[in-house]
file my_file-v9.csv (CSV, C-alpha atoms)
chain,number,residue,atom,x,y,z
F,89,ARG,CA,16.8,-31.6,-24.4
F,90,GLY,CA,13.8,-29.3,-25.0
F,91,ALA,CA,11.8,-31.0,-22.3
F,92,LEU,CA,14.7,-30.9,-19.9
F,93,MET,CA,15.2,-27.2,-20.5
F,94,LEU,CA,11.5,-26.5,-19.9
F,95,GLN,CA,11.6,-28.6,-16.7
F,96,LEU,CA,14.5,-26.4,-15.4
F,97,LEU,CA,12.8,-23.2,-16.4
F,98,GLN,CA,9.6,-24.4,-14.6
F,99,GLU,CA,11.5,-25.4,-11.5
F,100,GLN,CA,13.2,-22.0,-11.4
F,101,ALA,CA,9.8,-20.3,-11.6
F,102,MET,CA,8.4,-22.7,-9.0
F,103,THR,CA,11.2,-21.7,-6.6
F,104,ALA,CA,10.5,-18.0,-7.1
F,105,VAL,CA,6.7,-18.5,-6.7
F,106,ALA,CA,7.2,-20.6,-3.6
F,107,ALA,CA,9.3,-17.9,-2.0
F,108,ALA,CA,6.8,-15.2,-3.0
F,109,PHE,CA,3.9,-17.2,-1.6
F,110,GLU,CA,5.7,-18.0,1.6
F,111,ALA,CA,6.5,-14.3,2.1
F,112,ALA,CA,2.9,-13.3,1.4
F,113,GLY,CA,1.5,-16.1,3.7
F,114,VAL,CA,-0.3,-17.9,0.9
F,115,ASN,CA,-1.0,-21.6,1.5
F,116,TYR,CA,-0.4,-23.5,-1.8
F,117,VAL,CA,0.5,-26.8,-3.4
F,118,PHE,CA,2.1,-27.5,-6.8
F,119,LEU,CA,-0.3,-29.8,-8.6
F,120,LYS,CA,0.0,-32.5,-11.2
F,121,THR,CA,3.1,-33.1,-13.2
F,122,ALA,CA,5.2,-30.1,-12.2
F,123,GLY,CA,4.5,-30.8,-8.5
F,124,THR,CA,5.4,-34.5,-8.5
F,125,ARG,CA,7.6,-35.4,-11.5
F,126,ARG,CA,10.8,-35.4,-9.3
F,127,GLU,CA,9.2,-37.9,-7.0
F,128,LEU,CA,7.8,-40.1,-9.7
F,129,TYR,CA,10.5,-40.2,-12.5
F,130,ASP,CA,14.1,-41.2,-12.2
F,131,ASP,CA,14.8,-38.7,-15.0
F,132,PRO,CA,12.2,-35.9,-14.5
F,133,GLY,CA,13.3,-34.3,-17.7
F,134,THR,CA,11.6,-37.2,-19.6
F,135,ARG,CA,8.2,-36.1,-18.3
F,136,PRO,CA,7.3,-32.8,-19.9
F,137,SER,CA,4.7,-30.5,-18.5
F,138,THR,CA,3.2,-27.7,-20.5
F,139,ASP,CA,2.6,-25.6,-17.4
F,140,ILE,CA,2.8,-25.3,-13.6
F,141,ASP,CA,-0.5,-25.8,-11.8
F,142,ILE,CA,-0.8,-24.3,-8.3
F,143,LEU,CA,-3.7,-24.7,-5.9
F,144,VAL,CA,-4.4,-22.0,-3.3
F,145,GLU,CA,-7.1,-21.3,-0.8
F,146,PRO,CA,-10.0,-19.5,-2.5
F,147,GLU,CA,-9.8,-16.5,-0.2
F,148,GLN,CA,-6.1,-16.2,-0.8
F,149,ARG,CA,-6.3,-16.1,-4.6
F,150,HIS,CA,-5.9,-12.3,-4.9
F,151,HIS,CA,-2.8,-12.4,-2.7
F,152,ALA,CA,-1.4,-15.3,-4.8
F,153,ARG,CA,-2.2,-13.3,-8.0
F,154,ALA,CA,-0.4,-10.3,-6.6
F,155,ALA,CA,2.6,-12.4,-5.6
F,156,ILE,CA,2.9,-13.9,-9.2
F,157,GLU,CA,2.5,-10.4,-10.7
F,158,SER,CA,5.2,-9.1,-8.4
F,159,LEU,CA,7.6,-11.6,-10.0
F,160,GLY,CA,6.7,-10.3,-13.5
F,161,GLY,CA,3.8,-12.7,-14.2
F,162,VAL,CA,1.2,-11.5,-16.6
F,163,ALA,CA,-2.4,-12.9,-16.7
F,164,TRP,CA,-3.4,-14.1,-20.1
F,165,ALA,CA,-5.8,-11.5,-21.4
F,166,GLN,CA,-7.5,-13.8,-23.9
F,167,GLN,CA,-8.3,-16.5,-21.3
F,168,GLY,CA,-9.2,-14.3,-18.4
F,169,GLU,CA,-10.3,-15.5,-15.0
F,170,SER,CA,-12.6,-18.5,-14.9
F,171,ALA,CA,-14.7,-19.6,-11.9
F,172,HIS,CA,-11.8,-21.7,-10.5
F,173,GLU,CA,-8.5,-20.6,-12.2
F,174,ILE,CA,-6.5,-18.0,-14.0
F,175,ALA,CA,-3.5,-18.5,-16.4
F,176,PHE,CA,-0.3,-16.5,-16.2
F,177,ARG,CA,2.9,-16.2,-18.2
F,178,LEU,CA,6.1,-15.8,-16.2
F,179,GLY,CA,8.9,-15.3,-18.6
F,180,SER,CA,8.6,-18.4,-20.9
F,181,VAL,CA,6.7,-20.4,-18.3
F,182,ASP,CA,3.0,-20.8,-18.1
F,183,ILE,CA,1.3,-21.0,-14.7
F,184,ASP,CA,-2.3,-21.9,-13.9
F,185,LEU,CA,-3.4,-20.6,-10.6
F,186,HIS,CA,-6.3,-22.7,-9.2
F,187,TRP,CA,-8.5,-22.0,-6.2
F,188,ASP,CA,-10.5,-25.2,-6.9
F,189,LEU,CA,-9.6,-28.3,-8.8
F,190,LEU,CA,-12.5,-28.1,-11.3
F,191,ALA,CA,-15.2,-25.6,-12.1
F,192,PRO,CA,-17.7,-25.1,-9.3
F,193,GLY,CA,-20.3,-27.8,-8.9
F,194,ARG,CA,-18.3,-30.6,-10.5
F,195,LEU,CA,-17.1,-31.9,-7.1
F,196,ARG,CA,-18.8,-32.1,-3.7
F,197,GLY,CA,-17.4,-30.5,-0.6
F,198,GLU,CA,-14.4,-28.4,0.2
F,199,VAL,CA,-11.9,-30.4,-1.9
F,200,ALA,CA,-9.3,-27.7,-2.4
F,201,GLU,CA,-9.2,-26.8,1.3
F,202,SER,CA,-8.8,-30.4,2.4
F,203,ILE,CA,-5.9,-30.9,-0.1
F,204,LEU,CA,-4.2,-27.9,1.3
F,205,ARG,CA,-4.6,-29.1,4.9
F,206,ARG,CA,-2.9,-32.4,4.1
F,207,ARG,CA,-0.1,-30.9,2.0
F,208,VAL,CA,3.5,-32.2,2.4
F,209,THR,CA,6.8,-30.7,1.7
F,210,ALA,CA,8.4,-31.4,-1.7
F,211,ARG,CA,11.8,-30.8,-3.2
F,212,ILE,CA,10.4,-27.4,-4.3
F,213,GLY,CA,7.7,-26.0,-2.1
F,214,TRP,CA,4.6,-28.0,-1.2
F,215,ARG,CA,2.7,-30.8,-2.9
F,216,PRO,CA,-0.4,-32.8,-2.1
F,217,ASP,CA,0.0,-35.8,0.1
F,218,ASP,CA,0.5,-39.2,-1.6
F,219,THR,CA,-3.2,-40.1,-1.5
F,220,ASP,CA,-4.2,-36.7,-2.9
F,221,VAL,CA,-1.6,-37.0,-5.7
F,222,LEU,CA,-3.4,-40.1,-6.9
F,223,PHE,CA,-6.9,-38.5,-6.2
F,224,ILE,CA,-6.0,-35.5,-8.3
F,225,GLN,CA,-4.5,-37.6,-11.1
F,226,LEU,CA,-7.7,-39.7,-11.3
F,227,VAL,CA,-10.1,-36.8,-11.1
F,228,HIS,CA,-8.2,-34.7,-13.6
F,229,LEU,CA,-8.0,-37.6,-16.0
F,230,ALA,CA,-11.7,-38.4,-15.7
F,231,PHE,CA,-13.1,-34.9,-15.7
F,232,ALA,CA,-10.7,-32.6,-17.5
F,233,LYS,CA,-9.1,-35.0,-20.0
F,234,HIS,CA,-12.2,-37.2,-20.5
F,235,VAL,CA,-10.3,-40.5,-20.2
F,236,CYS,CA,-10.7,-41.6,-23.8
F,237,SER,CA,-10.0,-38.3,-25.5
F,238,PRO,CA,-6.7,-37.6,-27.3
F,239,HIS,CA,-5.8,-35.3,-24.3
F,240,ALA,CA,-5.7,-38.4,-22.0
F,241,GLY,CA,-2.3,-39.6,-23.1
F,242,LEU,CA,-0.4,-42.6,-21.8
F,243,ASN,CA,1.8,-40.2,-19.9
F,244,ARG,CA,-1.1,-39.5,-17.5
F,245,VAL,CA,-1.7,-43.2,-17.1
F,246,THR,CA,2.0,-43.7,-16.4
F,247,ASP,CA,1.9,-40.9,-13.8
F,248,ALA,CA,-0.9,-42.8,-11.9
F,249,LEU,CA,0.9,-46.1,-12.2
F,250,LEU,CA,4.1,-44.5,-10.8
F,251,ALA,CA,2.2,-42.9,-8.0
F,252,LEU,CA,0.9,-46.3,-7.0
F,253,ARG,CA,4.4,-47.8,-7.2
F,254,ARG,CA,6.6,-45.0,-5.8
F,255,LEU,CA,4.4,-43.1,-3.4
F,256,GLN,CA,2.4,-44.5,-0.5
F,257,PRO,CA,-1.2,-43.6,-1.2
F,258,ASP,CA,-3.7,-45.1,1.2
F,259,GLN,CA,-6.2,-46.8,-1.2
F,260,ALA,CA,-9.0,-47.0,1.4
F,261,MET,CA,-8.6,-43.3,2.1
F,262,LEU,CA,-8.5,-42.6,-1.7
F,263,ASP,CA,-11.8,-44.4,-2.0
F,264,GLN,CA,-13.3,-42.4,0.8
F,265,ARG,CA,-12.0,-39.1,-0.7
F,266,LEU,CA,-13.4,-40.0,-4.1
F,267,ARG,CA,-16.8,-40.9,-2.6
F,268,GLN,CA,-16.9,-37.7,-0.5
F,269,ALA,CA,-16.2,-35.6,-3.6
F,270,GLY,CA,-18.9,-37.4,-5.5
F,271,CYS,CA,-16.6,-38.9,-8.1
F,272,ALA,CA,-16.0,-42.5,-7.1
F,273,ASN,CA,-16.3,-43.5,-10.8
F,274,ALA,CA,-13.2,-41.5,-11.6
F,275,ALA,CA,-11.2,-44.5,-10.2
F,276,TRP,CA,-12.7,-47.1,-12.4
call {"tool": "encode", "arguments": {"input": "my_file-v9.csv", "output": "structure tokens"}}
result
Amino acid sequence: RGALMLQLLQEQAMTAVAAAFEAAGVNYVFLKTAGTRRELYDDPGTRPSTDIDILVEPEQRHHARAAIESLGGVAWAQQGESAHEIAFRLGSVDIDLHWDLLAPGRLRGEVAESILRRRVTARIGWRPDDTDVLFIQLVHLAFAKHVCSPHAGLNRVTDALLALRRLQPDQAMLDQRLRQAGCANAAW
């Protein structure tokens, strides 16, 4: 019940953020679990997510920040702004606003911009296309969760398996995107 309640709170926040971003002309996608759990899981409340991850164009990050703050979002003072993201609290929901997937230099090319160009509509707002959903899952698991660490739980493996089964990722295109970003080994 707690996971379902958090999912509903997150979706309420996502709806408000999507409307604020649309009004401000900010291009965005909801990333990772919050952005795809309705497409991947029959009962999305069974797949908890600790936060909402949003990707915006780097030059629009200040407009995105202002839009989140206009809704009452407060940046986490202790974390501050990193080179690729900033964390907010909106009510009881945590939001990570990204303008790149990973810290600068970890991936080659304009990964964020290309993901935003290929975005597709979702039940709430925008999400990455099917191939980028899997790309992000693999890259995030390999680089941010370190595959074999305690942070790389089976839920992340299940997400990737369900993306393969329920979405229609182009595996040849996935291979090309991983190679272009310099992270082909993320798909081992």
call {"tool": "closest_residue", "arguments": {"input": "my_file-v9.csv", "among": "F:Leu190, F:Ile212, F:Leu178, F:Leu128", "to": "Thr246 (chain F)", "atoms": "all atoms listed in the file"}}
result
F:Leu128
call {"tool": "closest_residue", "arguments": {"input": "my_file-v9.csv", "among": "F:Glu147, F:Glu110, F:Glu127, F:Asp184", "to": "Pro216 (chain F)", "atoms": "only C-alpha atoms"}}
result
F:Glu127
call {"tool": "closest_residue", "arguments": {"input": "my_file-v9.csv", "among": "F:Ala210, F:Leu222, F:Thr124, F:Pro146", "to": "Met261 (chain F)", "atoms": "only C-alpha atoms"}}
result
F:Leu222
call {"tool": "residues_around", "arguments": {"input": "my_file-v9.csv", "residues": "Ala251 (chain F)", "least_positions_apart": "4", "cutoff": "8 Å", "atoms": "only C-alpha atoms", "output": "short mmCIF file (atom, residue, chain, number, x, y, z; two decimals) with C-alpha atoms, in the frame of the given file"}}
result
data_model
loop_
_atom_site.label_atom_id
_atom_site.label_comp_id
_atom_site.auth_asym_id
_atom_site.auth_seq_id
_atom_site.Cartn_x
_atom_site.Cartn_y
_atom_site.Cartn_z
CA LEU F 128 7.80 -40.10 -9.70
CA ASP F 218 0.50 -39.20 -1.60
CA VAL F 221 -1.60 -37.00 -5.70
CA LEU F 222 -3.40 -40.10 -6.90
CA ASP F 247 1.90 -40.90 -13.80
CA LEU F 255 4.40 -43.10 -3.40
CA GLN F 256 2.40 -44.50 -0.50
CA PRO F 257 -1.20 -43.60 -1.20
#
call {"tool": "closest_residue", "arguments": {"input": "my_file-v9.csv", "among": "F:Arg254, F:His150, F:Lys120, F:Arg205", "to": "Arg135 (chain F)", "atoms": "only C-alpha atoms"}}
result
F:Lys120
call {"tool": "residues_around", "arguments": {"input": "my_file-v9.csv", "residues": "region 154-162 of chain F", "least_positions_apart": "4", "cutoff": "8 Å", "atoms": "only C-alpha atoms", "output": "list in words"}}
result
Ala104, Val105, Ala108, Phe109, Ala112, His150, Phe176, Arg177, Leu178 and Gly179 of chain F
call {"tool": "write_last_selection", "arguments": {"input": "my_file-v9.csv", "atoms": "C-alpha atoms", "output": "CSV table (one decimal), in the frame of the given file"}}
result
chain,number,residue,atom,x,y,z
F,104,ALA,CA,10.5,-18.0,-7.1
F,105,VAL,CA,6.7,-18.5,-6.7
F,108,ALA,CA,6.8,-15.2,-3.0
F,109,PHE,CA,3.9,-17.2,-1.6
F,112,ALA,CA,2.9,-13.3,1.4
F,150,HIS,CA,-5.9,-12.3,-4.9
F,176,PHE,CA,-0.3,-16.5,-16.2
F,177,ARG,CA,2.9,-16.2,-18.2
F,178,LEU,CA,6.1,-15.8,-16.2
F,179,GLY,CA,8.9,-15.3,-18.6
call {"tool": "residues_around", "arguments": {"input": "my_file-v9.csv", "residues": "Arg265 (chain F)", "least_positions_apart": "5", "cutoff": "10 Å", "atoms": "all atoms listed in the file", "output": "PDB file with C-alpha atoms, in the coordinates of the input"}}
result
ATOM      1  CA  VAL F 199     -11.900 -30.400  -1.900  1.00  0.00           C
ATOM      2  CA  SER F 202      -8.800 -30.400   2.400  1.00  0.00           C
ATOM      3  CA  THR F 219      -3.200 -40.100  -1.500  1.00  0.00           C
ATOM      4  CA  ASP F 220      -4.200 -36.700  -2.900  1.00  0.00           C
ATOM      5  CA  PHE F 223      -6.900 -38.500  -6.200  1.00  0.00           C
ATOM      6  CA  GLN F 259      -6.200 -46.800  -1.200  1.00  0.00           C
ATOM      7  CA  ALA F 260      -9.000 -47.000   1.400  1.00  0.00           C
ATOM      8  CA  GLY F 270     -18.900 -37.400  -5.500  1.00  0.00           C
ATOM      9  CA  CYS F 271     -16.600 -38.900  -8.100  1.00  0.00           C
ATOM     10  CA  ALA F 272     -16.000 -42.500  -7.100  1.00  0.00           C
TER      11      ALA F 272
END
call {"tool": "build_atoms", "arguments": {"input": "my_file-v9.csv", "residues": "region 94-105 of chain F", "atoms": "all heavy atoms", "output": "tab-separated table (two decimals), in the frame of the given file"}}
result
chain	number	residue	atom	x	y	z
F	94	LEU	N	12.76	-27.02	-20.45
F	94	LEU	CA	11.50	-26.50	-19.90
F	94	LEU	C	11.32	-26.90	-18.46
F	94	LEU	O	10.87	-26.09	-17.65
F	94	LEU	CB	10.32	-27.04	-20.76
F	94	LEU	CG	8.93	-26.56	-20.33
F	94	LEU	CD1	8.84	-25.04	-20.34
F	94	LEU	CD2	7.87	-27.18	-21.22
F	95	GLN	N	11.71	-28.13	-18.10
F	95	GLN	CA	11.60	-28.60	-16.70
F	95	GLN	C	12.45	-27.62	-15.81
F	95	GLN	O	12.00	-27.18	-14.76
F	95	GLN	CB	12.12	-29.99	-16.53
F	95	GLN	CG	12.22	-30.42	-15.08
F	95	GLN	CD	13.32	-31.43	-14.82
F	95	GLN	OE1	13.86	-32.03	-15.73
F	95	GLN	NE2	13.67	-31.59	-13.56
F	96	LEU	N	13.67	-27.31	-16.23
F	96	LEU	CA	14.50	-26.40	-15.40
F	96	LEU	C	13.97	-25.03	-15.32
F	96	LEU	O	14.01	-24.42	-14.24
F	96	LEU	CB	15.95	-26.44	-16.01
F	96	LEU	CG	16.69	-27.78	-15.95
F	96	LEU	CD1	18.01	-27.70	-16.70
F	96	LEU	CD2	16.89	-28.24	-14.52
F	97	LEU	N	13.42	-24.52	-16.41
F	97	LEU	CA	12.80	-23.20	-16.40
F	97	LEU	C	11.57	-23.23	-15.43
F	97	LEU	O	11.35	-22.29	-14.65
F	97	LEU	CB	12.36	-22.76	-17.76
F	97	LEU	CG	13.49	-22.33	-18.70
F	97	LEU	CD1	12.96	-22.18	-20.13
F	97	LEU	CD2	14.14	-21.06	-18.22
F	98	GLN	N	10.77	-24.30	-15.51
F	98	GLN	CA	9.60	-24.40	-14.60
F	98	GLN	C	10.03	-24.50	-13.17
F	98	GLN	O	9.43	-23.87	-12.30
F	98	GLN	CB	8.76	-25.62	-15.02
F	98	GLN	CG	8.01	-25.42	-16.31
F	98	GLN	CD	7.33	-26.68	-16.81
F	98	GLN	OE1	7.67	-27.79	-16.42
F	98	GLN	NE2	6.35	-26.50	-17.69
F	99	GLU	N	11.07	-25.25	-12.88
F	99	GLU	CA	11.50	-25.40	-11.50
F	99	GLU	C	12.09	-24.06	-10.97
F	99	GLU	O	11.93	-23.73	-9.80
F	99	GLU	CB	12.52	-26.52	-11.36
F	99	GLU	CG	11.84	-27.86	-11.50
F	99	GLU	CD	12.77	-29.05	-11.36
F	99	GLU	OE1	14.00	-28.86	-11.23
F	99	GLU	OE2	12.26	-30.19	-11.38
F	100	GLN	N	12.74	-23.30	-11.83
F	100	GLN	CA	13.20	-22.00	-11.40
F	100	GLN	C	12.03	-21.08	-11.09
F	100	GLN	O	12.03	-20.38	-10.08
F	100	GLN	CB	14.05	-21.37	-12.57
F	100	GLN	CG	14.61	-20.00	-12.25
F	100	GLN	CD	15.41	-19.44	-13.43
F	100	GLN	OE1	15.14	-19.75	-14.59
F	100	GLN	NE2	16.40	-18.63	-13.11
F	101	ALA	N	10.98	-21.12	-11.92
F	101	ALA	CA	9.80	-20.30	-11.60
F	101	ALA	C	9.08	-20.83	-10.38
F	101	ALA	O	8.59	-20.03	-9.57
F	101	ALA	CB	8.82	-20.40	-12.84
F	102	MET	N	9.03	-22.15	-10.18
F	102	MET	CA	8.40	-22.70	-9.00
F	102	MET	C	9.12	-22.24	-7.71
F	102	MET	O	8.48	-21.89	-6.71
F	102	MET	CB	8.41	-24.25	-9.04
F	102	MET	CG	7.44	-24.81	-10.06
F	102	MET	SD	7.69	-26.58	-10.39
F	102	MET	CE	7.21	-27.29	-8.81
F	103	THR	N	10.44	-22.20	-7.75
F	103	THR	CA	11.20	-21.70	-6.60
F	103	THR	C	10.89	-20.28	-6.30
F	103	THR	O	10.69	-19.90	-5.14
F	103	THR	CB	12.72	-21.92	-6.88
F	103	THR	OG1	12.98	-23.32	-7.09
F	103	THR	CG2	13.56	-21.42	-5.72
F	104	ALA	N	10.81	-19.45	-7.33
F	104	ALA	CA	10.50	-18.00	-7.10
F	104	ALA	C	9.06	-17.86	-6.61
F	104	ALA	O	8.82	-17.06	-5.69
F	104	ALA	CB	10.67	-17.27	-8.45
F	105	VAL	N	8.11	-18.59	-7.18
F	105	VAL	CA	6.70	-18.50	-6.70
F	105	VAL	C	6.59	-18.99	-5.30
F	105	VAL	O	5.89	-18.37	-4.48
F	105	VAL	CB	5.78	-19.27	-7.69
F	105	VAL	CG1	4.39	-19.42	-7.09
F	105	VAL	CG2	5.70	-18.58	-9.05
